[in-house]
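Data block for coords-v8.pdb (PDB, C-alpha atoms):
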```
ATOM      1  CA  MET A   1      85.091  88.393  95.989
ATOM      2  CA  ASN A   2      84.797  92.080  96.845
ATOM      3  CA  ASN A   3      81.171  93.043  96.444
ATOM      4  CA  THR A   4      81.772  96.500  94.958
ATOM      5  CA  PHE A   5      82.015  97.672  91.381
ATOM      6  CA  LYS A   6      81.894 100.858  89.384
ATOM      7  CA  VAL A   7      78.540 102.039  88.069
ATOM      8  CA  PRO A   8      78.816 101.856  84.266
ATOM      9  CA  ALA A   9      78.914 105.222  82.532
ATOM     10  CA  ALA A  10      76.298 103.804  80.166
ATOM     11  CA  PHE A  11      73.842 103.704  83.084
ATOM     12  CA  LEU A  12      74.014 107.467  83.533
ATOM     13  CA  SER A  13      73.721 108.001  79.791
ATOM     14  CA  GLY A  14      70.708 105.704  79.705
ATOM     15  CA  LEU A  15      69.002 107.628  82.504
ATOM     16  CA  LYS A  16      69.453 110.893  80.648
ATOM     17  CA  ALA A  17      68.283 109.317  77.386
ATOM     18  CA  VAL A  18      64.920 108.400  78.921
ATOM     19  CA  GLY A  19      64.538 111.746  80.685
ATOM     20  CA  LEU A  20      65.487 110.773  84.228
ATOM     21  CA  ASP A  21      67.689 113.043  86.332
ATOM     22  CA  PRO A  22      70.622 111.034  87.762
ATOM     23  CA  ALA A  23      70.667 113.296  90.844
ATOM     24  CA  MET A  24      67.005 112.525  91.526
ATOM     25  CA  VAL A  25      67.725 108.808  91.163
ATOM     26  CA  LEU A  26      70.484 109.141  93.766
ATOM     27  CA  ARG A  27      68.217 110.932  96.204
ATOM     28  CA  LYS A  28      65.459 108.376  95.782
ATOM     29  CA  SER A  29      67.878 105.462  96.230
ATOM     30  CA  GLY A  30      69.313 106.871  99.459
ATOM     31  CA  LEU A  31      72.878 106.659  98.164
ATOM     32  CA  PRO A  32      75.460 109.415  98.796
ATOM     33  CA  LEU A  33      74.623 112.495  96.745
ATOM     34  CA  ASN A  34      78.265 112.851  95.654
ATOM     35  CA  LEU A  35      78.382 109.358  94.152
ATOM     36  CA  TRP A  36      78.536 110.611  90.560
ATOM     37  CA  SER A  37      80.841 113.556  91.294
ATOM     38  CA  SER A  38      83.294 111.568  93.430
ATOM     39  CA  GLY A  39      84.878 110.079  90.323
ATOM     40  CA  LYS A  40      84.723 106.529  91.684
ATOM     41  CA  SER A  41      80.997 105.708  91.612
ATOM     42  CA  MET A  42      81.591 102.439  93.470
ATOM     43  CA  VAL A  43      78.533 100.553  94.728
ATOM     44  CA  THR A  44      77.640  97.219  96.243
ATOM     45  CA  THR A  45      75.184  94.888  94.558
ATOM     46  CA  GLU A  46      72.496  95.966  97.032
ATOM     47  CA  GLN A  47      73.141  99.627  96.210
ATOM     48  CA  TRP A  48      73.001  98.806  92.504
ATOM     49  CA  PHE A  49      69.585  97.290  93.138
ATOM     50  CA  ASP A  50      68.572 100.426  95.076
ATOM     51  CA  LEU A  51      69.445 102.546  92.057
ATOM     52  CA  TRP A  52      67.308 100.420  89.750
ATOM     53  CA  ASN A  53      64.415 100.386  92.207
ATOM     54  CA  ALA A  54      64.632 104.178  92.339
ATOM     55  CA  VAL A  55      64.533 104.287  88.535
ATOM     56  CA  SER A  56      61.349 102.220  88.505
ATOM     57  CA  THR A  57      59.687 104.307  91.203
ATOM     58  CA  LEU A  58      60.556 107.673  89.673
ATOM     59  CA  SER A  59      59.577 106.686  86.149
ATOM     60  CA  GLY A  60      56.407 104.804  87.059
ATOM     61  CA  ASP A  61      56.978 102.945  83.807
ATOM     62  CA  PRO A  62      56.979  99.115  83.896
ATOM     63  CA  MET A  63      58.926  99.129  80.607
ATOM     64  CA  ILE A  64      61.668 101.474  81.816
ATOM     65  CA  GLY A  65      64.349  98.758  81.866
ATOM     66  CA  GLN A  66      63.744  98.010  78.197
ATOM     67  CA  LYS A  67      63.789 101.690  77.286
ATOM     68  CA  ILE A  68      67.073 102.407  79.053
ATOM     69  CA  ALA A  69      68.777  99.475  77.314
ATOM     70  CA  ARG A  70      67.435 100.506  73.910
ATOM     71  CA  GLN A  71      68.191 104.210  74.214
ATOM     72  CA  THR A  72      71.659 104.157  75.798
ATOM     73  CA  PRO A  73      74.033 105.847  73.310
ATOM     74  CA  PRO A  74      76.518 103.281  71.912
ATOM     75  CA  GLU A  75      79.397 105.749  72.282
ATOM     76  CA  HIS A  76      79.021 105.483  76.059
ATOM     77  CA  PHE A  77      79.283 101.685  76.207
ATOM     78  CA  HIS A  78      82.010 100.072  78.307
ATOM     79  CA  PRO A  79      85.021  98.951  76.176
ATOM     80  CA  ALA A  80      84.071  95.324  76.864
ATOM     81  CA  ARG A  81      80.615  95.918  75.376
ATOM     82  CA  ILE A  82      82.185  97.661  72.381
ATOM     83  CA  ALA A  83      84.477  94.681  71.914
ATOM     84  CA  ALA A  84      81.517  92.304  72.089
ATOM     85  CA  GLN A  85      79.680  94.408  69.508
ATOM     86  CA  HIS A  86      82.595  93.840  67.129
ATOM     87  CA  ALA A  87      82.987  90.119  67.845
ATOM     88  CA  ARG A  88      83.120  87.482  65.128
ATOM     89  CA  ASN A  89      79.610  86.162  65.768
ATOM     90  CA  PHE A  90      76.791  86.165  68.306
ATOM     91  CA  ARG A  91      78.306  83.326  70.354
ATOM     92  CA  ASP A  92      81.640  85.106  70.646
ATOM     93  CA  ALA A  93      79.870  88.301  71.685
ATOM     94  CA  LEU A  94      77.854  86.549  74.397
ATOM     95  CA  HIS A  95      80.924  84.935  75.931
ATOM     96  CA  ARG A  96      82.781  88.251  75.935
ATOM     97  CA  ILE A  97      79.900  89.917  77.734
ATOM     98  CA  ALA A  98      79.711  87.053  80.236
ATOM     99  CA  ARG A  99      83.391  87.444  81.116
ATOM    100  CA  TYR A 100      83.030  91.202  81.491
ATOM    101  CA  LYS A 101      79.996  90.962  83.751
ATOM    102  CA  LEU A 102      81.623  88.450  86.057
ATOM    103  CA  VAL A 103      84.726  90.572  86.542
ATOM    104  CA  CYS A 104      83.256  94.075  86.529
ATOM    105  CA  CYS A 105      79.697  93.803  87.798
ATOM    106  CA  CYS A 106      79.590  91.101  90.499
ATOM    107  CA  GLU A 107      77.239  89.381  88.097
ATOM    108  CA  GLN A 108      77.219  85.955  86.479
ATOM    109  CA  MET A 109      75.683  85.390  83.076
ATOM    110  CA  ARG A 110      75.192  81.660  82.654
ATOM    111  CA  ILE A 111      75.227  80.358  79.085
ATOM    112  CA  THR A 112      73.818  76.863  78.570
ATOM    113  CA  GLU A 113      73.518  75.206  75.170
ATOM    114  CA  THR A 114      71.276  72.145  74.973
ATOM    115  CA  LYS A 115      68.842  70.536  72.527
ATOM    116  CA  GLY A 116      69.136  73.247  69.917
ATOM    117  CA  GLU A 117      68.692  76.048  72.454
ATOM    118  CA  CYS A 118      70.949  78.527  74.186
ATOM    119  CA  ARG A 119      69.619  79.570  77.590
ATOM    120  CA  LEU A 120      70.897  82.734  79.248
ATOM    121  CA  GLU A 121      70.350  83.497  82.929
ATOM    122  CA  PHE A 122      71.698  86.211  85.193
ATOM    123  CA  ASP A 123      72.740  85.877  88.816
ATOM    124  CA  TRP A 124      73.750  88.938  90.821
ATOM    125  CA  ILE A 125      76.069  87.242  93.260
ATOM    126  CA  LEU A 126      76.804  87.962  96.919
ATOM    127  CA  THR A 127      73.293  89.175  97.661
ATOM    128  CA  GLN A 128      69.971  87.681  98.705
ATOM    129  CA  ALA A 129      67.934  90.739  97.676
ATOM    130  CA  HIS A 130      65.296  90.459  94.970
ATOM    131  CA  THR A 131      66.553  91.556  91.582
ATOM    132  CA  PRO A 132      64.708  94.646  90.300
ATOM    133  CA  LEU A 133      62.471  93.822  87.349
ATOM    134  CA  ALA A 134      63.798  96.798  85.389
ATOM    135  CA  LEU A 135      67.350  95.467  85.762
ATOM    136  CA  ILE A 136      66.314  92.054  84.427
ATOM    137  CA  ASP A 137      64.603  93.690  81.465
ATOM    138  CA  SER A 138      67.631  95.859  80.783
ATOM    139  CA  ALA A 139      69.958  92.848  80.872
ATOM    140  CA  PHE A 140      67.817  90.814  78.458
ATOM    141  CA  VAL A 141      67.212  93.681  76.051
ATOM    142  CA  SER A 142      70.898  94.602  75.989
ATOM    143  CA  LEU A 143      71.674  91.125  74.646
ATOM    144  CA  VAL A 144      68.952  91.343  72.008
ATOM    145  CA  GLU A 145      70.088  94.799  70.940
ATOM    146  CA  MET A 146      73.692  93.626  70.705
ATOM    147  CA  GLY A 147      72.629  90.686  68.539
ATOM    148  CA  ARG A 148      70.432  92.784  66.275
ATOM    149  CA  GLN A 149      73.046  95.478  65.809
ATOM    150  CA  GLY A 150      75.801  92.951  65.206
ATOM    151  CA  THR A 151      73.943  90.714  62.772
ATOM    152  CA  LYS A 152      72.104  93.636  61.128
ATOM    153  CA  SER A 153      68.908  91.602  61.394
ATOM    154  CA  GLN A 154      65.758  91.523  63.481
ATOM    155  CA  LEU A 155      67.163  88.744  65.658
ATOM    156  CA  ARG A 156      64.448  87.187  67.801
ATOM    157  CA  PRO A 157      64.808  85.064  70.923
ATOM    158  CA  PHE A 158      63.131  81.666  70.782
ATOM    159  CA  ARG A 159      61.281  82.485  74.012
ATOM    160  CA  VAL A 160      61.529  84.584  77.156
ATOM    161  CA  GLU A 161      60.533  83.404  80.625
ATOM    162  CA  LEU A 162      59.817  85.826  83.472
ATOM    163  CA  LYS A 163      58.986  85.013  87.091
ATOM    164  CA  ARG A 164      56.778  88.091  87.500
ATOM    165  CA  LYS A 165      53.033  88.220  87.072
ATOM    166  CA  PRO A 166      51.797  89.264  83.601
ATOM    167  CA  ASN A 167      52.430  92.963  83.123
ATOM    168  CA  HIS A 168      52.087  94.567  79.677
ATOM    169  CA  PRO A 169      52.682  91.182  77.994
ATOM    170  CA  GLU A 170      51.853  92.544  74.563
ATOM    171  CA  GLU A 171      54.639  95.158  74.784
ATOM    172  CA  HIS A 172      57.166  92.520  75.770
ATOM    173  CA  GLU A 173      56.143  90.227  72.930
ATOM    174  CA  ILE A 174      56.140  93.023  70.348
ATOM    175  CA  TYR A 175      59.723  93.909  71.239
ATOM    176  CA  TYR A 176      61.135  90.391  71.539
ATOM    177  CA  GLY A 177      59.107  89.002  68.639
ATOM    178  CA  CYS A 178      58.465  85.744  70.499
ATOM    179  CA  HIS A 179      56.303  84.198  73.198
ATOM    180  CA  VAL A 180      56.906  85.567  76.688
ATOM    181  CA  LYS A 181      55.962  83.244  79.529
ATOM    182  CA  PHE A 182      55.034  84.858  82.839
ATOM    183  CA  ASN A 183      54.835  83.201  86.285
ATOM    184  CA  ALA A 184      57.839  81.132  85.220
ATOM    185  CA  ARG A 185      60.156  79.338  87.641
ATOM    186  CA  ARG A 186      63.070  81.565  86.699
ATOM    187  CA  ASP A 187      64.036  84.522  84.529
ATOM    188  CA  LEU A 188      65.742  83.458  81.341
ATOM    189  CA  ILE A 189      66.049  84.390  77.698
ATOM    190  CA  VAL A 190      66.434  81.597  75.154
ATOM    191  CA  PHE A 191      67.919  81.832  71.673
ATOM    192  CA  ARG A 192      68.096  79.179  68.978
ATOM    193  CA  ALA A 193      71.497  77.520  69.050
ATOM    194  CA  ILE A 194      71.909  78.047  65.312
ATOM    195  CA  ASP A 195      71.586  81.807  65.854
ATOM    196  CA  LEU A 196      74.788  81.800  67.896
ATOM    197  CA  ASP A 197      76.780  81.215  64.718
ATOM    198  CA  LEU A 198      75.290  84.214  62.941
ATOM    199  CA  PRO A 199      78.230  86.380  61.829
ATOM    200  CA  PHE A 200      78.468  89.954  62.997
ATOM    201  CA  ALA A 201      78.536  92.508  60.191
ATOM    202  CA  THR A 202      80.277  94.743  62.706
ATOM    203  CA  TYR A 203      83.179  92.272  63.135
ATOM    204  CA  ASN A 204      86.428  94.186  63.438
ATOM    205  CA  ALA A 205      89.528  92.115  64.178
ATOM    206  CA  GLU A 206      91.804  95.133  64.585
ATOM    207  CA  LEU A 207      89.476  96.803  67.053
ATOM    208  CA  LEU A 208      89.127  93.565  69.024
ATOM    209  CA  GLU A 209      92.894  93.305  69.241
ATOM    210  CA  MET A 210      93.020  96.745  70.825
ATOM    211  CA  LEU A 211      90.034  96.353  73.148
ATOM    212  CA  SER A 212      90.234  92.703  74.202
ATOM    213  CA  PRO A 213      92.854  90.756  76.144
ATOM    214  CA  GLY A 214      95.536  89.425  73.830
ATOM    215  CA  VAL A 215      94.882  85.960  75.184
ATOM    216  CA  ASP A 216      91.728  85.666  73.041
ATOM    217  CA  GLN A 217      93.673  85.423  69.813
ATOM    218  CA  ALA A 218      96.150  82.979  71.285
ATOM    219  CA  LEU A 219      93.318  80.788  72.518
ATOM    220  CA  ALA A 220      91.711  80.738  69.085
ATOM    221  CA  VAL A 221      94.970  79.570  67.514
ATOM    222  CA  GLN A 222      95.419  76.950  70.201
ATOM    223  CA  GLU A 223      91.908  75.608  69.654
ATOM    224  CA  GLN A 224      92.669  75.068  65.963
ATOM    225  CA  ARG A 225      96.152  73.589  66.374
ATOM    226  CA  ASP A 226      96.006  71.395  69.471
ATOM    227  CA  SER A 227      93.952  68.295  68.743
ATOM    228  CA  THR A 228      95.128  66.306  71.778
ATOM    229  CA  ALA A 229      92.678  65.536  74.553
ATOM    230  CA  ALA A 230      94.737  67.620  76.980
ATOM    231  CA  GLY A 231      94.726  70.519  74.524
ATOM    232  CA  GLN A 232      90.983  70.330  74.094
ATOM    233  CA  ILE A 233      90.512  70.298  77.864
ATOM    234  CA  ARG A 234      92.748  73.339  78.218
ATOM    235  CA  TRP A 235      90.652  75.194  75.677
ATOM    236  CA  VAL A 236      87.405  74.410  77.486
ATOM    237  CA  LEU A 237      88.873  75.342  80.867
ATOM    238  CA  ARG A 238      90.119  78.703  79.637
ATOM    239  CA  ARG A 239      86.687  79.514  78.329
ATOM    240  CA  HIS A 240      84.751  78.369  81.385
ATOM    241  CA  LEU A 241      86.902  78.987  84.445
ATOM    242  CA  GLY A 242      85.219  81.790  86.319
ATOM    243  CA  GLY A 243      83.236  81.698  89.518
ATOM    244  CA  ARG A 244      83.346  77.941  89.862
ATOM    245  CA  GLN A 245      85.662  75.003  89.288
ATOM    246  CA  PRO A 246      84.607  72.888  86.315
ATOM    247  CA  ASP A 247      84.910  69.150  86.870
ATOM    248  CA  ILE A 248      85.715  66.545  84.289
ATOM    249  CA  SER A 249      82.045  65.798  83.618
ATOM    250  CA  ASP A 250      81.473  69.452  82.638
ATOM    251  CA  VAL A 251      84.404  69.360  80.234
ATOM    252  CA  ALA A 252      83.449  65.973  78.800
ATOM    253  CA  LYS A 253      79.944  67.216  78.088
ATOM    254  CA  GLU A 254      81.357  70.273  76.327
ATOM    255  CA  LEU A 255      83.519  67.996  74.162
ATOM    256  CA  GLY A 256      80.655  65.622  73.394
ATOM    257  CA  MET A 257      82.009  62.516  75.104
ATOM    258  CA  SER A 258      81.649  60.611  78.355
ATOM    259  CA  SER A 259      83.807  61.321  81.395
ATOM    260  CA  ARG A 260      85.236  57.806  81.211
ATOM    261  CA  THR A 261      86.277  58.232  77.587
ATOM    262  CA  LEU A 262      87.934  61.570  78.339
ATOM    263  CA  GLN A 263      89.764  60.139  81.361
ATOM    264  CA  ARG A 264      91.064  57.275  79.237
ATOM    265  CA  ARG A 265      92.281  59.615  76.506
ATOM    266  CA  ILE A 266      94.209  61.917  78.815
ATOM    267  CA  ALA A 267      95.650  58.917  80.693
ATOM    268  CA  ASP A 268      96.974  57.642  77.374
ATOM    269  CA  GLU A 269      98.690  61.003  76.969
ATOM    270  CA  GLY A 270     100.410  60.613  80.344
ATOM    271  CA  THR A 271      98.492  63.155  82.404
ATOM    272  CA  ASN A 272      95.254  63.613  84.347
ATOM    273  CA  PHE A 273      92.508  66.173  84.726
ATOM    274  CA  ARG A 274      93.823  67.647  87.976
ATOM    275  CA  GLN A 275      97.247  68.307  86.472
ATOM    276  CA  ILE A 276      95.711  70.003  83.429
ATOM    277  CA  LEU A 277      93.409  72.136  85.587
ATOM    278  CA  ASN A 278      96.270  73.290  87.810
ATOM    279  CA  GLN A 279      98.451  74.090  84.805
ATOM    280  CA  GLU A 280      95.735  76.231  83.236
ATOM    281  CA  ARG A 281      95.059  78.017  86.502
ATOM    282  CA  TRP A 282      98.778  78.764  86.774
ATOM    283  CA  GLU A 283      98.976  80.155  83.238
ATOM    284  CA  LEU A 284      95.801  82.221  83.583
ATOM    285  CA  ALA A 285      96.906  83.537  86.972
ATOM    286  CA  LYS A 286     100.047  84.947  85.357
ATOM    287  CA  TYR A 287      97.863  86.589  82.743
ATOM    288  CA  TYR A 288      95.243  88.020  85.124
ATOM    289  CA  LEU A 289      97.492  89.295  87.938
ATOM    290  CA  PRO A 290      99.175  92.096  85.937
ATOM    291  CA  GLN A 291      95.792  93.462  84.841
ATOM    292  CA  PRO A 292      95.327  96.749  86.758
ATOM    293  CA  SER A 293      91.535  96.405  86.774
ATOM    294  CA  LEU A 294      91.560  93.107  88.697
ATOM    295  CA  GLU A 295      91.957  92.725  92.446
ATOM    296  CA  LEU A 296      93.480  89.602  93.982
ATOM    297  CA  ASN A 297      90.112  88.266  95.136
ATOM    298  CA  GLU A 298      88.692  88.775  91.633
ATOM    299  CA  VAL A 299      91.551  86.774  90.118
ATOM    300  CA  ALA A 300      90.912  83.992  92.637
ATOM    301  CA  TYR A 301      87.231  84.004  91.720
ATOM    302  CA  LEU A 302      87.938  83.920  87.983
ATOM    303  CA  LEU A 303      90.164  80.892  88.500
ATOM    304  CA  GLY A 304      87.413  79.019  90.332
ATOM    305  CA  TYR A 305      88.810  79.174  93.871
ATOM    306  CA  GLU A 306      86.386  79.375  96.774
ATOM    307  CA  ASN A 307      88.443  82.042  98.529
ATOM    308  CA  PRO A 308      91.645  84.086  98.008
ATOM    309  CA  ASN A 309      93.608  82.063 100.590
ATOM    310  CA  SER A 310      93.238  78.884  98.527
ATOM    311  CA  PHE A 311      94.545  80.742  95.492
ATOM    312  CA  ILE A 312      97.470  82.198  97.462
ATOM    313  CA  ARG A 313      98.514  78.743  98.688
ATOM    314  CA  ALA A 314      98.342  77.299  95.180
ATOM    315  CA  PHE A 315     100.276  80.200  93.686
ATOM    316  CA  ARG A 316     103.011  79.851  96.286
ATOM    317  CA  GLU A 317     103.431  76.220  95.243
ATOM    318  CA  TRP A 318     103.686  77.256  91.577
ATOM    319  CA  GLU A 319     105.973  80.268  91.870
ATOM    320  CA  GLY A 320     107.510  80.020  95.340
ATOM    321  CA  THR A 321     106.061  83.402  96.282
ATOM    322  CA  THR A 322     102.699  85.061  96.902
ATOM    323  CA  PRO A 323     100.619  86.581  94.093
ATOM    324  CA  GLY A 324     101.153  90.056  95.571
ATOM    325  CA  GLU A 325     104.926  89.650  95.718
ATOM    326  CA  TRP A 326     104.990  88.203  92.202
ATOM    327  CA  LYS A 327     102.912  91.095  90.865
ATOM    328  CA  SER A 328     105.143  93.675  92.588
ATOM    329  CA  ALA A 329     108.237  92.072  91.099
ATOM    330  CA  ARG A 330     106.655  92.205  87.634
ATOM    331  CA  GLN A 331     105.841  95.891  88.067
ATOM    332  CA  ARG A 332     109.440  96.643  89.056
ATOM    333  CA  SER A 333     110.750  94.683  86.066
ATOM    334  CA  PRO A 334     108.210  94.871  83.194
ATOM    335  CA  SER A 335     110.510  93.059  80.773
ATOM    336  CA  SER A 336     110.770  89.950  82.943
ATOM    337  CA  SER A 337     108.991  86.797  81.752
TER     338      SER A 337
END
```

Since I need it in another form, could you write the structure as structure tokens?
Amino acid sequence: MNNTFKVPAAFLSGLKAVGLDPAMVLRKSGLPLNLWSSGKSMVTTEQWFDLWNAVSTLSGDPMIGQKIARQTPPEHFHPARIAAQHARNFRDALHRIARYKLVCCCEQMRITETKGECRLEFDWILTQAHTPLALIDSAFVSLVEMGRQGTKSQLRPFRVELKRKPNHPEEHEIYYGCHVKFNARRDLIVFRAIDLDLPFATYNAELLEMLSPGVDQALAVQEQRDSTAAGQIRWVLRRHLGGRQPDISDVAKELGMSSRTLQRRIADEGTNFRQILNQERWELAKYYLPQPSLELNEVAYLLGYENPNSFIRAFREWEGTTPGEWKSARQRSPSSS
């Protein structure tokens, strides 16, 4: 996966909202001084970290990450964030944000539901550098703000765990409204599983249709209509393909059954897990490739391939041509199926 992405416009708006000069942040970070004016604003993950470290140094405020996330004007949010804000419920919003981050930010937001909890963790991939504390705070607070604005309630996490030493713990706990554990093994924010089903008062189906990929609606219909084991597997795969290849145990756990039971059910339907996985990759590849915002290596990553070459080989078997050639043919003939 190409380790570059565009700095969100909301970041610049957030800097200005808290009184920081974006030009000063650039100088302090050591990045090119024409980054904002170039029109591209492309950075690597390490450079993104440099920007956040510069923000912390210039502000001298250990709560600056929280403040930027809380004060960023909503009108400057990325369309994916706007779509998430108008999702059906908190769960839907979280999954939309997770997909956006993986594609646009070289970032993985892991969502794990277990024992009445929903744990959220962030991994900034393709780097070994330490994640700036302000960036972690901004990521966590953005989720809380999205949930509070969507549900029109004072949504509170169940708990927050931070690897750092205690630093202004009372300010963290006042904002989150829950216990914040410091010196933790990892950084994570935990919500109650029942809170994921809280409806969003800001739900707007028409706006979602304009802002979100049309596949979302089709997937929702499929989930309701297809009660076969293969259909249920396809639904899980379409939701969770991205950055890794789910195996049958992952899918079985999602469906609340054992791997052996799931294998038996799909065998009775005359297929197997590998065939279903390949079919879904094929269908999603044909959806992702025409998207102008996605590069070939990003499509490969979203489909769970370890590298673009593996994806190219698989696609050639499916379509008899390379992804690039297939995409070019589609662009020359938009009406083709």

When the PyMOL selection byres ((chain A and resi 282) around 12) is applied to the structure above, which residues does it catch, written out as a PDB file with C-alpha atoms, keeping the file's coordinate frame?
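This is the output file selection04.pdb:
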```
ATOM      1  CA  ARG A 234      92.748  73.339  78.218  1.00  0.00           C
ATOM      2  CA  ARG A 238      90.119  78.703  79.637  1.00  0.00           C
ATOM      3  CA  GLN A 275      97.247  68.307  86.472  1.00  0.00           C
ATOM      4  CA  ILE A 276      95.711  70.003  83.429  1.00  0.00           C
ATOM      5  CA  LEU A 277      93.409  72.136  85.587  1.00  0.00           C
ATOM      6  CA  ASN A 278      96.270  73.290  87.810  1.00  0.00           C
ATOM      7  CA  GLN A 279      98.451  74.090  84.805  1.00  0.00           C
ATOM      8  CA  GLU A 280      95.735  76.231  83.236  1.00  0.00           C
ATOM      9  CA  ARG A 281      95.059  78.017  86.502  1.00  0.00           C
ATOM     10  CA  GLU A 283      98.976  80.155  83.238  1.00  0.00           C
ATOM     11  CA  LEU A 284      95.801  82.221  83.583  1.00  0.00           C
ATOM     12  CA  ALA A 285      96.906  83.537  86.972  1.00  0.00           C
ATOM     13  CA  LYS A 286     100.047  84.947  85.357  1.00  0.00           C
ATOM     14  CA  TYR A 287      97.863  86.589  82.743  1.00  0.00           C
ATOM     15  CA  TYR A 288      95.243  88.020  85.124  1.00  0.00           C
ATOM     16  CA  LEU A 289      97.492  89.295  87.938  1.00  0.00           C
ATOM     17  CA  VAL A 299      91.551  86.774  90.118  1.00  0.00           C
ATOM     18  CA  ALA A 300      90.912  83.992  92.637  1.00  0.00           C
ATOM     19  CA  LEU A 303      90.164  80.892  88.500  1.00  0.00           C
ATOM     20  CA  GLY A 304      87.413  79.019  90.332  1.00  0.00           C
ATOM     21  CA  PHE A 311      94.545  80.742  95.492  1.00  0.00           C
ATOM     22  CA  ILE A 312      97.470  82.198  97.462  1.00  0.00           C
ATOM     23  CA  ARG A 313      98.514  78.743  98.688  1.00  0.00           C
ATOM     24  CA  ALA A 314      98.342  77.299  95.180  1.00  0.00           C
ATOM     25  CA  PHE A 315     100.276  80.200  93.686  1.00  0.00           C
ATOM     26  CA  ARG A 316     103.011  79.851  96.286  1.00  0.00           C
ATOM     27  CA  GLU A 317     103.431  76.220  95.243  1.00  0.00           C
ATOM     28  CA  TRP A 318     103.686  77.256  91.577  1.00  0.00           C
ATOM     29  CA  GLU A 319     105.973  80.268  91.870  1.00  0.00           C
ATOM     30  CA  PRO A 323     100.619  86.581  94.093  1.00  0.00           C
TER      31      PRO A 323
END
```

Determine the residue set returned by the PyMOL selection byres ((chain A and resi 297) around 10) for the present structure, and present it as number ranges by chain. A: 1-2, 294-296, 298-303, 305-309, 311-312

Just to be explicit: take each residue in the selection above, keep C-alpha atoms, and write the result as a short mmCIF file (atom, residue, chain, number, x, y, z; two decimals), keeping the file's coordinate frame.
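The result, stored in out.cif:
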```
data_model
loop_
_atom_site.label_atom_id
_atom_site.label_comp_id
_atom_site.auth_asym_id
_atom_site.auth_seq_id
_atom_site.Cartn_x
_atom_site.Cartn_y
_atom_site.Cartn_z
CA MET A 1 85.09 88.39 95.99
CA ASN A 2 84.80 92.08 96.84
CA LEU A 294 91.56 93.11 88.70
CA GLU A 295 91.96 92.72 92.45
CA LEU A 296 93.48 89.60 93.98
CA GLU A 298 88.69 88.78 91.63
CA VAL A 299 91.55 86.77 90.12
CA ALA A 300 90.91 83.99 92.64
CA TYR A 301 87.23 84.00 91.72
CA LEU A 302 87.94 83.92 87.98
CA LEU A 303 90.16 80.89 88.50
CA TYR A 305 88.81 79.17 93.87
CA GLU A 306 86.39 79.38 96.77
CA ASN A 307 88.44 82.04 98.53
CA PRO A 308 91.64 84.09 98.01
CA ASN A 309 93.61 82.06 100.59
CA PHE A 311 94.54 80.74 95.49
CA ILE A 312 97.47 82.20 97.46
#
```

With all atoms listed in the file as the atoms that count, which of A:Ala80, A:Ala93, A:Ile233, A:Leu58 lies nearest to Gln149 in chain A?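 So, comparing all the options, the nearest one is A:Ala93.
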
Run the PyMOL selection byres ((chain A and resi 136) around 10) on the file and write out the hits as number ranges by chain. A: 52, 65-66, 121-123, 131-135, 137-142, 162, 187-188

Just checking: using only C-alpha atoms, which residue out of A:Phe90, A:Leu237, A:Lys253, A:Thr202 ends up closest to Thr114 in chain A?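 Closest to Thr114 in chain A, using only C-alpha atoms: A:Lys253.
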
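Residue nearest Glu173 in chain A within the list A:Gly231, A:Gly116, A:Gly270, A:Pro157: A:Pro157 [criterion: smallest interatomic distance, all atoms listed in the file].
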
Which one is closest to His168 in chain A: A:Leu262, A:Val18, A:Ala129, A:Met63? Count only C-alpha atoms.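 Closest residue, counting only C-alpha atoms: A:Met63.
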
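Separating CA of Asp247 in chain A from CA of Ala229 in chain A is a distance of 15.0 Å.
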
List as a count of residues only the residues having at least one atom at most 12 Å from position (68.3, 109.8, 81.0) as given in the file, counting only C-alpha atoms. 29

With 12 Å as the threshold, what does the neighbourhood of (84.0, 96.9, 69.9) contain in terms of residues, counting only C-alpha atoms? Coordinates are those of the file; answer as a PyMOL selection string. chain A and resi 74-88+93+96-97+146+149-150+200-212

Please produce a file of the residues just selected, as a short mmCIF file (atom, residue, chain, number, x, y, z; two decimals), in the frame of the given file, where the atoms kept are C-alpha atoms.
```
data_model
loop_
_atom_site.label_atom_id
_atom_site.label_comp_id
_atom_site.auth_asym_id
_atom_site.auth_seq_id
_atom_site.Cartn_x
_atom_site.Cartn_y
_atom_site.Cartn_z
CA PRO A 74 76.52 103.28 71.91
CA GLU A 75 79.40 105.75 72.28
CA HIS A 76 79.02 105.48 76.06
CA PHE A 77 79.28 101.68 76.21
CA HIS A 78 82.01 100.07 78.31
CA PRO A 79 85.02 98.95 76.18
CA ALA A 80 84.07 95.32 76.86
CA ARG A 81 80.61 95.92 75.38
CA ILE A 82 82.18 97.66 72.38
CA ALA A 83 84.48 94.68 71.91
CA ALA A 84 81.52 92.30 72.09
CA GLN A 85 79.68 94.41 69.51
CA HIS A 86 82.60 93.84 67.13
CA ALA A 87 82.99 90.12 67.84
CA ARG A 88 83.12 87.48 65.13
CA ALA A 93 79.87 88.30 71.68
CA ARG A 96 82.78 88.25 75.94
CA ILE A 97 79.90 89.92 77.73
CA MET A 146 73.69 93.63 70.70
CA GLN A 149 73.05 95.48 65.81
CA GLY A 150 75.80 92.95 65.21
CA PHE A 200 78.47 89.95 63.00
CA ALA A 201 78.54 92.51 60.19
CA THR A 202 80.28 94.74 62.71
CA TYR A 203 83.18 92.27 63.14
CA ASN A 204 86.43 94.19 63.44
CA ALA A 205 89.53 92.12 64.18
CA GLU A 206 91.80 95.13 64.58
CA LEU A 207 89.48 96.80 67.05
CA LEU A 208 89.13 93.56 69.02
CA GLU A 209 92.89 93.30 69.24
CA MET A 210 93.02 96.74 70.82
CA LEU A 211 90.03 96.35 73.15
CA SER A 212 90.23 92.70 74.20
#
```

Å distance separating CA of Asp61 in chain A from CA of Lys6 in chain A, one decimal place: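 Between CA of Asp61 in chain A and CA of Lys6 in chain A the gap works out to 25.6 Å.
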